[in-house]
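File shown here: my_file.pdb, holding PDB, C-alpha atoms and all ligand atoms.
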ATOM      1  CA  MET A   1    -158.525 -27.715-143.233
ATOM      2  CA  THR A   2    -161.099 -26.362-140.858
ATOM      3  CA  SER A   3    -162.530 -22.978-141.706
ATOM      4  CA  THR A   4    -164.837 -20.767-139.728
ATOM      5  CA  ALA A   5    -168.223 -19.800-141.179
ATOM      6  CA  SER A   6    -167.532 -16.203-140.219
ATOM      7  CA  GLY A   7    -165.886 -15.118-137.011
ATOM      8  CA  ALA A   8    -166.634 -16.768-133.682
ATOM      9  CA  GLN A   9    -169.371 -14.446-132.526
ATOM     10  CA  ILE A  10    -173.103 -14.607-132.919
ATOM     11  CA  ASN A  11    -174.445 -11.082-132.834
ATOM     12  CA  PHE A  12    -177.912  -9.719-132.268
ATOM     13  CA  GLN A  13    -177.917  -6.537-134.316
ATOM     14  CA  ASP A  14    -181.147  -7.047-136.276
ATOM     15  CA  GLY A  15    -184.239  -7.618-134.145
ATOM     16  CA  GLY A  16    -186.429  -8.324-137.201
ATOM     17  CA  ALA A  17    -184.153 -10.995-138.720
ATOM     18  CA  TYR A  18    -183.716 -12.545-135.288
ATOM     19  CA  ASP A  19    -187.441 -12.633-134.697
ATOM     20  CA  ALA A  20    -188.192 -14.352-138.030
ATOM     21  CA  ALA A  21    -185.379 -16.895-137.734
ATOM     22  CA  MET A  22    -185.272 -17.562-133.990
ATOM     23  CA  GLY A  23    -188.229 -15.727-132.456
ATOM     24  CA  VAL A  24    -190.695 -18.365-133.638
ATOM     25  CA  TRP A  25    -188.502 -21.098-132.165
ATOM     26  CA  SER A  26    -188.188 -19.016-128.982
ATOM     27  CA  ARG A  27    -191.943 -18.823-128.657
ATOM     28  CA  LEU A  28    -192.366 -22.574-129.210
ATOM     29  CA  ALA A  29    -189.821 -23.349-126.479
ATOM     30  CA  GLY A  30    -191.184 -20.553-124.278
ATOM     31  CA  GLU A  31    -194.713 -21.958-124.431
ATOM     32  CA  ARG A  32    -193.493 -25.388-123.347
ATOM     33  CA  PHE A  33    -191.378 -23.805-120.610
ATOM     34  CA  LEU A  34    -194.264 -21.770-119.195
ATOM     35  CA  GLN A  35    -196.552 -24.812-119.266
ATOM     36  CA  TRP A  36    -193.951 -26.591-117.140
ATOM     37  CA  MET A  37    -193.375 -23.612-114.844
ATOM     38  CA  ALA A  38    -197.108 -22.881-114.364
ATOM     39  CA  PRO A  39    -196.228 -19.551-112.687
ATOM     40  CA  ALA A  40    -198.568 -17.968-110.159
ATOM     41  CA  PRO A  41    -199.984 -14.578-111.231
ATOM     42  CA  GLY A  42    -198.978 -11.320-109.597
ATOM     43  CA  LEU A  43    -195.218 -11.899-109.255
ATOM     44  CA  ARG A  44    -192.447  -9.349-109.842
ATOM     45  CA  TRP A  45    -190.562 -10.856-112.837
ATOM     46  CA  LEU A  46    -187.162 -10.171-114.396
ATOM     47  CA  ASP A  47    -186.388 -11.486-117.914
ATOM     48  CA  ILE A  48    -182.595 -11.498-118.346
ATOM     49  CA  GLY A  49    -181.492 -11.417-122.004
ATOM     50  CA  CYS A  50    -185.027 -10.516-123.116
ATOM     51  CA  GLY A  51    -183.791  -9.793-126.670
ATOM     52  CA  SER A  52    -186.546  -9.076-129.203
ATOM     53  CA  GLY A  53    -189.177  -9.792-126.531
ATOM     54  CA  ALA A  54    -190.454 -13.060-128.051
ATOM     55  CA  PHE A  55    -190.425 -14.813-124.676
ATOM     56  CA  THR A  56    -191.100 -11.643-122.649
ATOM     57  CA  GLU A  57    -194.392 -11.211-124.480
ATOM     58  CA  LEU A  58    -195.401 -14.785-123.648
ATOM     59  CA  LEU A  59    -194.433 -14.224-120.037
ATOM     60  CA  MET A  60    -196.611 -11.123-119.899
ATOM     61  CA  GLN A  61    -199.589 -12.907-121.443
ATOM     62  CA  THR A  62    -199.224 -16.167-119.497
ATOM     63  CA  ALA A  63    -197.853 -15.241-116.065
ATOM     64  CA  HIS A  64    -199.835 -12.013-115.543
ATOM     65  CA  PRO A  65    -196.966 -10.438-113.581
ATOM     66  CA  ALA A  66    -197.339  -7.582-111.124
ATOM     67  CA  THR A  67    -194.278  -6.034-112.774
ATOM     68  CA  LEU A  68    -192.082  -7.190-115.637
ATOM     69  CA  HIS A  69    -188.568  -5.904-116.276
ATOM     70  CA  GLY A  70    -186.262  -6.995-119.075
ATOM     71  CA  VAL A  71    -182.551  -6.468-119.678
ATOM     72  CA  ASP A  72    -180.407  -7.159-122.726
ATOM     73  CA  PRO A  73    -177.073  -5.759-123.958
ATOM     74  CA  SER A  74    -178.395  -5.338-127.523
ATOM     75  CA  GLU A  75    -180.138  -2.030-128.197
ATOM     76  CA  PRO A  76    -181.451  -3.220-131.639
ATOM     77  CA  GLN A  77    -183.093  -6.232-129.971
ATOM     78  CA  LEU A  78    -184.612  -3.998-127.275
ATOM     79  CA  ALA A  79    -185.892  -1.548-129.912
ATOM     80  CA  PHE A  80    -187.796  -4.425-131.533
ATOM     81  CA  ALA A  81    -189.143  -5.596-128.155
ATOM     82  CA  ARG A  82    -190.366  -2.116-127.217
ATOM     83  CA  LYS A  83    -192.624  -2.062-130.302
ATOM     84  CA  ARG A  84    -194.645  -5.023-129.041
ATOM     85  CA  PRO A  85    -197.987  -3.665-127.801
ATOM     86  CA  ALA A  86    -198.113  -6.301-125.044
ATOM     87  CA  LEU A  87    -194.871  -4.909-123.587
ATOM     88  CA  ALA A  88    -195.911  -1.245-123.618
ATOM     89  CA  GLY A  89    -195.773  -0.887-119.837
ATOM     90  CA  CYS A  90    -192.539  -2.820-119.304
ATOM     91  CA  ASP A  91    -189.142  -1.519-118.325
ATOM     92  CA  LEU A  92    -186.855  -2.954-121.037
ATOM     93  CA  ARG A  93    -183.341  -1.646-120.556
ATOM     94  CA  VAL A  94    -179.754  -2.208-121.606
ATOM     95  CA  GLY A  95    -177.960  -4.439-119.140
ATOM     96  CA  ASP A  96    -175.611  -7.368-118.715
ATOM     97  CA  ALA A  97    -176.499 -10.620-116.939
ATOM     98  CA  MET A  98    -173.143 -10.447-115.138
ATOM     99  CA  GLN A  99    -173.870  -7.019-113.662
ATOM    100  CA  LEU A 100    -177.601  -6.569-113.300
ATOM    101  CA  PRO A 101    -178.768  -2.984-112.767
ATOM    102  CA  PHE A 102    -181.106  -3.945-109.903
ATOM    103  CA  ALA A 103    -181.003  -4.021-106.106
ATOM    104  CA  ASP A 104    -180.714  -7.229-104.090
ATOM    105  CA  ALA A 105    -183.843  -9.371-103.608
ATOM    106  CA  CYS A 106    -186.179  -7.061-105.534
ATOM    107  CA  PHE A 107    -187.835  -9.740-107.720
ATOM    108  CA  ASP A 108    -189.978 -12.799-106.969
ATOM    109  CA  ALA A 109    -188.858 -14.641-110.103
ATOM    110  CA  ALA A 110    -186.184 -14.354-112.774
ATOM    111  CA  VAL A 111    -185.593 -16.214-116.012
ATOM    112  CA  MET A 112    -182.895 -16.537-118.663
ATOM    113  CA  ALA A 113    -184.590 -17.802-121.827
ATOM    114  CA  LEU A 114    -181.955 -19.181-124.242
ATOM    115  CA  VAL A 115    -179.367 -16.833-122.740
ATOM    116  CA  LEU A 116    -176.930 -18.485-120.303
ATOM    117  CA  PHE A 117    -174.765 -19.886-123.127
ATOM    118  CA  PHE A 118    -174.222 -16.317-124.375
ATOM    119  CA  VAL A 119    -173.016 -15.091-120.988
ATOM    120  CA  PRO A 120    -169.192 -15.083-120.990
ATOM    121  CA  GLU A 121    -169.046 -16.194-117.338
ATOM    122  CA  PRO A 122    -172.197 -18.254-116.665
ATOM    123  CA  ALA A 123    -171.386 -18.603-112.942
ATOM    124  CA  ARG A 124    -171.350 -14.805-112.592
ATOM    125  CA  GLY A 125    -174.651 -14.592-114.450
ATOM    126  CA  LEU A 126    -176.270 -17.139-112.144
ATOM    127  CA  ALA A 127    -174.859 -15.421-109.052
ATOM    128  CA  GLU A 128    -176.390 -12.154-110.233
ATOM    129  CA  MET A 129    -179.753 -13.792-110.987
ATOM    130  CA  ARG A 130    -179.730 -15.276-107.492
ATOM    131  CA  ARG A 131    -178.758 -11.923-105.935
ATOM    132  CA  VAL A 132    -181.717  -9.988-107.380
ATOM    133  CA  VAL A 133    -184.362 -12.617-106.461
ATOM    134  CA  ARG A 134    -185.711 -12.686-102.902
ATOM    135  CA  PRO A 135    -185.169 -15.722-100.650
ATOM    136  CA  GLY A 136    -187.867 -18.254-101.542
ATOM    137  CA  GLY A 137    -188.181 -16.791-105.045
ATOM    138  CA  VAL A 138    -187.660 -18.811-108.217
ATOM    139  CA  VAL A 139    -184.793 -18.646-110.708
ATOM    140  CA  SER A 140    -185.071 -20.475-114.008
ATOM    141  CA  ALA A 141    -183.441 -20.916-117.383
ATOM    142  CA  TYR A 142    -183.549 -22.962-120.541
ATOM    143  CA  LEU A 143    -181.027 -23.596-123.310
ATOM    144  CA  TRP A 144    -181.048 -25.347-126.680
ATOM    145  CA  ASP A 145    -179.210 -28.604-126.060
ATOM    146  CA  PHE A 146    -176.289 -28.278-128.482
ATOM    147  CA  SER A 147    -174.704 -31.373-126.896
ATOM    148  CA  THR A 148    -177.393 -33.671-128.368
ATOM    149  CA  GLY A 149    -178.272 -31.827-131.605
ATOM    150  CA  GLY A 150    -181.177 -29.885-130.092
ATOM    151  CA  PHE A 151    -180.345 -26.515-131.675
ATOM    152  CA  PRO A 152    -182.876 -25.491-134.373
ATOM    153  CA  PHE A 153    -180.086 -24.679-136.858
ATOM    154  CA  GLU A 154    -178.476 -28.107-136.400
ATOM    155  CA  PRO A 155    -179.294 -29.282-139.973
ATOM    156  CA  ILE A 156    -177.248 -26.391-141.362
ATOM    157  CA  GLN A 157    -174.501 -26.638-138.761
ATOM    158  CA  ALA A 158    -174.143 -30.407-139.288
ATOM    159  CA  GLU A 159    -173.557 -29.860-143.001
ATOM    160  CA  GLN A 160    -171.153 -26.994-142.273
ATOM    161  CA  ARG A 161    -169.142 -29.379-140.093
ATOM    162  CA  ALA A 162    -169.245 -32.000-142.856
ATOM    163  CA  MET A 163    -167.772 -29.360-145.218
ATOM    164  CA  GLY A 164    -164.900 -28.760-142.779
ATOM    165  CA  MET A 165    -166.276 -25.517-141.417
ATOM    166  CA  THR A 166    -166.695 -24.488-137.789
ATOM    167  CA  PRO A 167    -170.243 -23.181-137.278
ATOM    168  CA  ARG A 168    -170.834 -20.237-135.041
ATOM    169  CA  LEU A 169    -171.545 -21.285-131.477
ATOM    170  CA  PRO A 170    -172.431 -19.312-128.346
ATOM    171  CA  PRO A 171    -169.325 -18.502-126.272
ATOM    172  CA  SER A 172    -170.403 -20.628-123.278
ATOM    173  CA  VAL A 173    -172.012 -23.461-125.250
ATOM    174  CA  GLN A 174    -170.526 -26.013-122.835
ATOM    175  CA  VAL A 175    -173.243 -25.232-120.256
ATOM    176  CA  ALA A 176    -176.084 -26.395-122.534
ATOM    177  CA  GLY A 177    -175.903 -30.139-121.828
ATOM    178  CA  MET A 178    -178.186 -31.139-118.966
ATOM    179  CA  ALA A 179    -175.444 -32.385-116.617
ATOM    180  CA  ALA A 180    -173.347 -29.237-117.036
ATOM    181  CA  PHE A 181    -176.404 -26.991-116.815
ATOM    182  CA  ARG A 182    -177.539 -28.601-113.583
ATOM    183  CA  ALA A 183    -174.003 -28.448-112.171
ATOM    184  CA  GLN A 184    -174.005 -24.671-112.719
ATOM    185  CA  PHE A 185    -177.200 -24.319-110.668
ATOM    186  CA  GLU A 186    -175.831 -26.559-107.914
ATOM    187  CA  ALA A 187    -172.587 -24.586-107.804
ATOM    188  CA  ALA A 188    -174.632 -21.378-107.431
ATOM    189  CA  GLY A 189    -176.022 -22.765-104.162
ATOM    190  CA  LEU A 190    -179.620 -22.916-105.394
ATOM    191  CA  ALA A 191    -182.165 -25.218-103.754
ATOM    192  CA  GLY A 192    -184.964 -27.500-104.972
ATOM    193  CA  ILE A 193    -183.497 -27.910-108.449
ATOM    194  CA  GLU A 194    -185.872 -29.453-111.010
ATOM    195  CA  THR A 195    -185.198 -30.135-114.685
ATOM    196  CA  THR A 196    -187.031 -31.106-117.840
ATOM    197  CA  THR A 197    -186.453 -31.241-121.595
ATOM    198  CA  LEU A 198    -188.668 -29.124-123.850
ATOM    199  CA  HIS A 199    -189.398 -30.714-127.264
ATOM    200  CA  VAL A 200    -190.677 -28.458-130.052
ATOM    201  CA  ALA A 201    -191.415 -28.820-133.783
ATOM    202  CA  ARG A 202    -191.650 -26.091-136.435
ATOM    203  CA  SER A 203    -193.050 -26.486-139.944
ATOM    204  CA  PHE A 204    -192.036 -24.492-143.013
ATOM    205  CA  ALA A 205    -194.142 -24.259-146.191
ATOM    206  CA  ASP A 206    -191.295 -25.773-148.239
ATOM    207  CA  PHE A 207    -187.503 -25.984-148.324
ATOM    208  CA  ASP A 208    -187.126 -22.528-149.915
ATOM    209  CA  SER A 209    -189.021 -21.066-146.982
ATOM    210  CA  PHE A 210    -186.919 -23.017-144.461
ATOM    211  CA  TRP A 211    -183.715 -21.810-146.095
ATOM    212  CA  ALA A 212    -184.729 -18.151-146.469
ATOM    213  CA  ILE A 213    -185.957 -17.843-142.880
ATOM    214  CA  THR A 214    -183.235 -19.874-141.208
ATOM    215  CA  THR A 215    -180.339 -18.207-143.014
ATOM    216  CA  GLY A 216    -181.805 -14.731-142.434
ATOM    217  CA  MET A 217    -179.522 -14.299-139.418
ATOM    218  CA  MET A 218    -176.418 -15.656-141.142
ATOM    219  CA  GLN A 219    -176.184 -13.650-144.358
ATOM    220  CA  ASP A 220    -172.685 -12.422-143.533
ATOM    221  CA  SER A 221    -171.513 -16.028-143.065
ATOM    222  CA  LEU A 222    -172.931 -17.023-146.444
ATOM    223  CA  THR A 223    -171.383 -14.000-148.123
ATOM    224  CA  GLN A 224    -168.044 -14.971-146.654
ATOM    225  CA  MET A 225    -168.441 -18.547-147.887
ATOM    226  CA  GLY A 226    -169.070 -17.365-151.452
ATOM    227  CA  PRO A 227    -171.796 -18.464-153.872
ATOM    228  CA  ASP A 228    -170.400 -21.896-154.807
ATOM    229  CA  ARG A 229    -169.922 -23.172-151.244
ATOM    230  CA  THR A 230    -173.240 -21.640-150.218
ATOM    231  CA  ALA A 231    -174.948 -23.530-153.061
ATOM    232  CA  SER A 232    -173.223 -26.771-151.946
ATOM    233  CA  LEU A 233    -174.314 -26.197-148.356
ATOM    234  CA  ARG A 234    -177.888 -25.483-149.428
ATOM    235  CA  ALA A 235    -178.034 -28.651-151.542
ATOM    236  CA  ALA A 236    -176.643 -30.765-148.676
ATOM    237  CA  VAL A 237    -179.162 -29.366-146.186
ATOM    238  CA  GLN A 238    -181.984 -29.960-148.673
ATOM    239  CA  ARG A 239    -180.961 -33.623-149.023
ATOM    240  CA  ARG A 240    -181.005 -33.938-145.227
ATOM    241  CA  LEU A 241    -184.488 -32.441-144.746
ATOM    242  CA  GLN A 242    -187.072 -34.598-146.452
ATOM    243  CA  PRO A 243    -190.431 -32.855-147.117
ATOM    244  CA  ASP A 244    -193.762 -34.466-146.281
ATOM    245  CA  SER A 245    -196.369 -35.256-148.943
ATOM    246  CA  ASN A 246    -197.419 -31.570-149.001
ATOM    247  CA  GLY A 247    -193.860 -30.381-149.538
ATOM    248  CA  GLN A 248    -193.639 -29.058-145.959
ATOM    249  CA  ILE A 249    -190.455 -29.297-143.947
ATOM    250  CA  THR A 250    -190.876 -30.021-140.246
ATOM    251  CA  TYR A 251    -187.902 -29.860-137.945
ATOM    252  CA  ASN A 252    -187.672 -30.888-134.276
ATOM    253  CA  ALA A 253    -185.499 -29.178-131.674
ATOM    254  CA  HIS A 254    -185.111 -29.537-127.924
ATOM    255  CA  ALA A 255    -183.988 -27.433-124.989
ATOM    256  CA  ASN A 256    -183.025 -28.240-121.407
ATOM    257  CA  ALA A 257    -184.863 -26.332-118.684
ATOM    258  CA  ILE A 258    -184.104 -25.795-115.001
ATOM    259  CA  ARG A 259    -185.904 -24.125-112.137
ATOM    260  CA  ALA A 260    -184.682 -23.665-108.583
ATOM    261  CA  VAL A 261    -185.420 -21.752-105.415
ATOM    262  CA  VAL A 262    -183.246 -19.071-103.807
ATOM    263  CA  PRO A 263    -182.467 -20.427-100.337
ATOM    264  CA  GLY A 264    -183.762 -18.399 -97.419
TER     265      GLY A 264
HETATM  266  C1  LIG A 301    -181.061 -16.433-128.241
HETATM  267  S1  LIG A 301    -181.386 -14.810-127.719
HETATM  268  C2  LIG A 301    -182.773 -15.070-126.630
HETATM  269  C3  LIG A 301    -183.654 -13.870-126.526
HETATM  270  C4  LIG A 301    -184.953 -14.074-125.751
HETATM  271  N1  LIG A 301    -184.694 -14.420-124.368
HETATM  272  C5  LIG A 301    -185.814 -15.116-126.401
HETATM  273  O1  LIG A 301    -186.092 -16.157-125.783
HETATM  274  O2  LIG A 301    -186.225 -14.908-127.542
HETATM  275  C6  LIG A 301    -180.067 -14.485-126.604
HETATM  276  C7  LIG A 301    -180.103 -13.081-126.044
HETATM  277  O3  LIG A 301    -179.081 -12.991-125.032
HETATM  278  C8  LIG A 301    -178.572 -11.692-125.077
HETATM  279  N2  LIG A 301    -177.274 -11.660-124.394
HETATM  280  C9  LIG A 301    -176.055 -11.906-124.892
HETATM  281  N3  LIG A 301    -175.110 -11.729-123.949
HETATM  282  C10 LIG A 301    -175.761 -11.354-122.811
HETATM  283  C11 LIG A 301    -175.344 -10.980-121.502
HETATM  284  N4  LIG A 301    -174.041 -10.983-121.157
HETATM  285  N5  LIG A 301    -176.288 -10.631-120.609
HETATM  286  C12 LIG A 301    -177.600 -10.631-120.942
HETATM  287  N6  LIG A 301    -178.047 -10.969-122.176
HETATM  288  C13 LIG A 301    -177.145 -11.321-123.103
HETATM  289  C14 LIG A 301    -178.508 -11.354-126.555
HETATM  290  O4  LIG A 301    -178.400  -9.962-126.813
HETATM  291  C15 LIG A 301    -179.816 -11.977-127.043
HETATM  292  O5  LIG A 301    -180.866 -11.028-127.046
END
In C-alpha cells, how does this file's structure come out?
Amino acid sequence: MTSTASGAQINFQDGGAYDAAMGVWSRLAGERFLQWMAPAPGLRWLDIGCGSGAFTELLMQTAHPATLHGVDPSEPQLAFARKRPALAGCDLRVGDAMQLPFADACFDAAVMALVLFFVPEPARGLAEMRRVVRPGGVVSAYLWDFSTGGFPFEPIQAEQRAMGMTPRLPPSVQVAGMAAFRAQFEAAGLAGIETTTLHVARSFADFDSFWAITTGMMQDSLTQMGPDRTASLRAAVQRRLQPDSNGQITYNAHANAIRAVVPG
C-alpha cells in the first residue's frame, strides 16, 4: 500500500530550518545561475518567491541592481530574509507570483529561483512575470530537475518510494523537466529562449550531519512515520550514500535554467 510521508504540501514556515537544509543548495545553484546569466549592473530586479533571501542576497552582491524587490507568500521566510544585512535596503513583501503587486513593465529583469513548481498555475505565474518586465527586459527561472533525479533530497525520496511511501513534491512538479519547462516559456510568448543545466555538489562532514541538516525541514513527516520506519529509512539512505576516505558525504544535484526576453 502506498502511504504519504505527511500530507501533500511542502510548507515554508521556518526560515531558519529552510536556510540550513535548502538555503545552501539554493546558493550553490544560484551561483551557477548568475555565472550563466552574467547580468549587467544597474538593472531594476524583481525576485519572485524570494523566500529566506538565499538567492536574493547573491543577486544583490553579484548583479549590483539599481533596485531589488522581492515577493513571497510566506511571512516567516520573509522575516528571515529581512535580517540579512545585504538586503537591508530591499523591498521584501508578501505577494503571490500569480498576482504580482506591481505595475506593468516596471522592472528590467525578473527571476523565479526554484519557485515555478510551487506556483499552482505556472502559466499564470509566467504571464505575471512577463507583465511586470518591460519589453526587451529579461525573465528567467530555474528548477531542480525532479524528472531526472536532480532534487537535492532525492536520496531520501528514493528510499521513501522504495518503502512504499509518496514523498512530498511541489504542486506543479511536472514543469521541472527541461522540455516541459521550455514549453511553458514558449506558451507565454517569450522570445530568445535559452536553456542550460546547472550542476552542483554539496559536502557534509559525515552521514549524521547530512541526515540532521537534510531532515531539518521534514521533522513532521518523520514524526508521522514513527521511530521504527524513520530508523529504517535512515539506514537505507546511509547505505545509498557512501562516504569518501575522510567520512564526508558529497551529493550532486542539478537544476534546469531558462532565460528569455519580453518581446517588444
Ligand atoms: C524552494 S523555495 C526558493 C526560495 C528562494 N527563491 C531561493 O532560491 O532560496 C520556494 C519559495 O517559493 C515560495 N512560493 C510558494 N508559492 C508561491 C507563489 N504562489 N508565489 C510566489 N512564491 C511562492 C515559497 O514560499 C518559497 O519561499
List the residues matched by the PyMOL selection byres (((chain A and resi 130-146) around 6) and not hetatm) in the displayed structure as an mmCIF file with C-alpha atoms, in the frame of the given file, ordered by chain and then by residue number.
data_model
loop_
_atom_site.group_PDB
_atom_site.id
_atom_site.type_symbol
_atom_site.label_atom_id
_atom_site.label_comp_id
_atom_site.auth_asym_id
_atom_site.auth_seq_id
_atom_site.Cartn_x
_atom_site.Cartn_y
_atom_site.Cartn_z
ATOM 1 C CA ASP A 104 -180.714 -7.229 -104.090
ATOM 2 C CA ALA A 105 -183.843 -9.371 -103.608
ATOM 3 C CA CYS A 106 -186.179 -7.061 -105.534
ATOM 4 C CA PHE A 107 -187.835 -9.740 -107.720
ATOM 5 C CA ASP A 108 -189.978 -12.799 -106.969
ATOM 6 C CA ALA A 109 -188.858 -14.641 -110.103
ATOM 7 C CA ALA A 110 -186.184 -14.354 -112.774
ATOM 8 C CA VAL A 111 -185.593 -16.214 -116.012
ATOM 9 C CA MET A 112 -182.895 -16.537 -118.663
ATOM 10 C CA ALA A 113 -184.590 -17.802 -121.827
ATOM 11 C CA LEU A 114 -181.955 -19.181 -124.242
ATOM 12 C CA ALA A 127 -174.859 -15.421 -109.052
ATOM 13 C CA GLU A 128 -176.390 -12.154 -110.233
ATOM 14 C CA MET A 129 -179.753 -13.792 -110.987
ATOM 15 C CA SER A 147 -174.704 -31.373 -126.896
ATOM 16 C CA THR A 148 -177.393 -33.671 -128.368
ATOM 17 C CA GLY A 149 -178.272 -31.827 -131.605
ATOM 18 C CA GLY A 150 -181.177 -29.885 -130.092
ATOM 19 C CA PHE A 151 -180.345 -26.515 -131.675
ATOM 20 C CA ALA A 176 -176.084 -26.395 -122.534
ATOM 21 C CA GLY A 177 -175.903 -30.139 -121.828
ATOM 22 C CA HIS A 254 -185.111 -29.537 -127.924
ATOM 23 C CA ALA A 255 -183.988 -27.433 -124.989
ATOM 24 C CA ASN A 256 -183.025 -28.240 -121.407
ATOM 25 C CA ALA A 257 -184.863 -26.332 -118.684
ATOM 26 C CA ILE A 258 -184.104 -25.795 -115.001
ATOM 27 C CA ARG A 259 -185.904 -24.125 -112.137
ATOM 28 C CA ALA A 260 -184.682 -23.665 -108.583
ATOM 29 C CA VAL A 261 -185.420 -21.752 -105.415
ATOM 30 C CA VAL A 262 -183.246 -19.071 -103.807
ATOM 31 C CA PRO A 263 -182.467 -20.427 -100.337
ATOM 32 C CA GLY A 264 -183.762 -18.399 -97.419
#
> Suppose you want the space between CA of Val94 (chain A) and CA of Leu78 (chain A); what is it in Å?
Replying inline: 7.7 Å
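For the choices A:Trp36, A:Phe117, A:Phe102, A:Phe185, the atom-to-atom distance to ligand LIG 301 (chain A) is smallest for A:Phe117 when using only C-alpha atoms and all ligand atoms.
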Which residues of chain A have any atom within 8 Å of an atom in ligand LIG 301 (chain A) when counting only C-alpha atoms and all ligand atoms, and what is the closest pair of atoms for each, with the distance in Å to one decimal? Order the rows by chain and rising number and write it as JSON lines.
{"residue": "A:Asn11", "atom": "CA", "partner": "A:LIG301", "partner_atom": "O4", "distance": 7.3}
{"residue": "A:Phe12", "atom": "CA", "partner": "A:LIG301", "partner_atom": "O4", "distance": 5.5}
{"residue": "A:Asp19", "atom": "CA", "partner": "A:LIG301", "partner_atom": "O2", "distance": 7.6}
{"residue": "A:Met22", "atom": "CA", "partner": "A:LIG301", "partner_atom": "O2", "distance": 7.0}
{"residue": "A:Gly23", "atom": "CA", "partner": "A:LIG301", "partner_atom": "O2", "distance": 5.4}
{"residue": "A:Ser26", "atom": "CA", "partner": "A:LIG301", "partner_atom": "O1", "distance": 4.8}
{"residue": "A:Arg27", "atom": "CA", "partner": "A:LIG301", "partner_atom": "O2", "distance": 7.0}
{"residue": "A:Gly30", "atom": "CA", "partner": "A:LIG301", "partner_atom": "O1", "distance": 6.9}
{"residue": "A:Asp47", "atom": "CA", "partner": "A:LIG301", "partner_atom": "N1", "distance": 7.3}
{"residue": "A:Ile48", "atom": "CA", "partner": "A:LIG301", "partner_atom": "C12", "distance": 5.7}
{"residue": "A:Gly49", "atom": "CA", "partner": "A:LIG301", "partner_atom": "N6", "distance": 3.5}
{"residue": "A:Cys50", "atom": "CA", "partner": "A:LIG301", "partner_atom": "N1", "distance": 4.1}
{"residue": "A:Gly51", "atom": "CA", "partner": "A:LIG301", "partner_atom": "O5", "distance": 3.2}
{"residue": "A:Ser52", "atom": "CA", "partner": "A:LIG301", "partner_atom": "O2", "distance": 6.1}
{"residue": "A:Gly53", "atom": "CA", "partner": "A:LIG301", "partner_atom": "O2", "distance": 6.0}
{"residue": "A:Ala54", "atom": "CA", "partner": "A:LIG301", "partner_atom": "O2", "distance": 4.6}
{"residue": "A:Phe55", "atom": "CA", "partner": "A:LIG301", "partner_atom": "O1", "distance": 4.7}
{"residue": "A:Thr56", "atom": "CA", "partner": "A:LIG301", "partner_atom": "N1", "distance": 7.2}
{"residue": "A:Val71", "atom": "CA", "partner": "A:LIG301", "partner_atom": "C12", "distance": 6.6}
{"residue": "A:Asp72", "atom": "CA", "partner": "A:LIG301", "partner_atom": "N6", "distance": 4.5}
{"residue": "A:Pro73", "atom": "CA", "partner": "A:LIG301", "partner_atom": "O4", "distance": 5.3}
{"residue": "A:Ser74", "atom": "CA", "partner": "A:LIG301", "partner_atom": "O4", "distance": 4.7}
{"residue": "A:Gln77", "atom": "CA", "partner": "A:LIG301", "partner_atom": "O5", "distance": 6.0}
{"residue": "A:Leu78", "atom": "CA", "partner": "A:LIG301", "partner_atom": "O5", "distance": 8.0}
{"residue": "A:Gly95", "atom": "CA", "partner": "A:LIG301", "partner_atom": "C12", "distance": 6.5}
{"residue": "A:Asp96", "atom": "CA", "partner": "A:LIG301", "partner_atom": "N5", "distance": 3.8}
{"residue": "A:Ala97", "atom": "CA", "partner": "A:LIG301", "partner_atom": "N5", "distance": 3.7}
{"residue": "A:Met98", "atom": "CA", "partner": "A:LIG301", "partner_atom": "N4", "distance": 6.1}
{"residue": "A:Met112", "atom": "CA", "partner": "A:LIG301", "partner_atom": "N1", "distance": 6.3}
{"residue": "A:Ala113", "atom": "CA", "partner": "A:LIG301", "partner_atom": "N1", "distance": 4.2}
{"residue": "A:Leu114", "atom": "CA", "partner": "A:LIG301", "partner_atom": "C2", "distance": 4.8}
{"residue": "A:Val115", "atom": "CA", "partner": "A:LIG301", "partner_atom": "O3", "distance": 4.5}
{"residue": "A:Leu116", "atom": "CA", "partner": "A:LIG301", "partner_atom": "O3", "distance": 7.6}
{"residue": "A:Phe118", "atom": "CA", "partner": "A:LIG301", "partner_atom": "N3", "distance": 4.7}
{"residue": "A:Val119", "atom": "CA", "partner": "A:LIG301", "partner_atom": "N4", "distance": 4.2}
{"residue": "A:Pro120", "atom": "CA", "partner": "A:LIG301", "partner_atom": "N4", "distance": 6.4}
{"residue": "A:Gly125", "atom": "CA", "partner": "A:LIG301", "partner_atom": "N5", "distance": 7.5}
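Between CA of Ala253 (chain A) and CA of Arg182 (chain A) there is a distance of 19.8 Å.
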Within 9 Å of region 206-223 of chain A, which residues of region 85-198 of chain A show up? Give each one with its shortest atom-to-atom distance in Å (one decimal) and the two atoms involved, counting all atoms listed in the file, rows by chain then rising residue number, as a tab-separated table.
residue	atom	partner	partner_atom	distance
A:Pro152	CA	A:Thr214	CA	8.9
A:Phe153	CA	A:Thr214	CA	7.2
A:Ile156	CA	A:Thr214	CA	8.9
> Rounded to one decimal in Å, what is the spacing between CA of Gln174 (chain A) and CA of Ala123 (chain A)?
Replying inline: 12.4 Å
> Between A:Glu154, A:Asp244, A:Glu186, A:Glu121, which is the closest to Ser172 (chain A) once you count only C-alpha atoms?
Replying inline: A:Glu121
Centre and edges of the region 42-55 of chain A box, axis-aligned, 3 Å extra per side, as AutoDock Vina command-line options:
--center_x -190.2 --center_y -11.9 --center_z -119.2 --size_x 23.5 --size_y 11.7 --size_z 25.9
> Could you tell me, as a PyMOL selection string, which residues have any atom at most 10 Å from (-196.9, -30.8, -145.7), counting all atoms listed in the file?
Replying inline: chain A and resi 203-206+243-250
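Closest approach to Phe181 (chain A) among A:Ala86, A:Leu198, A:Met37, A:Leu126 is made by A:Leu126 (distances from all atoms listed in the file).
Take the candidates A:Leu87, A:Val200, A:Leu169, A:Ala158 and check each one against Val24 (chain A) using all atoms listed in the file; the shortest distance goes to A:Val200.
Compared by their closest atoms to Ala201 (chain A), and using only C-alpha atoms, the residues A:Tyr251, A:Ala21, A:Glu159, A:Pro65 rank with A:Tyr251 nearest.
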> Looking at only C-alpha atoms, which of A:Asp14, A:Pro76, A:Leu59, A:Gln160 is the one that sits closest to Met225 (chain A)?
Replying inline: A:Gln160
> Residues picked by the PyMOL selection byres (((chain A and resi 237) around 9) and not hetatm) here, as a ChimeraX atom specification?
Replying inline: /A:155-156,158-159,211,232-236,238-241
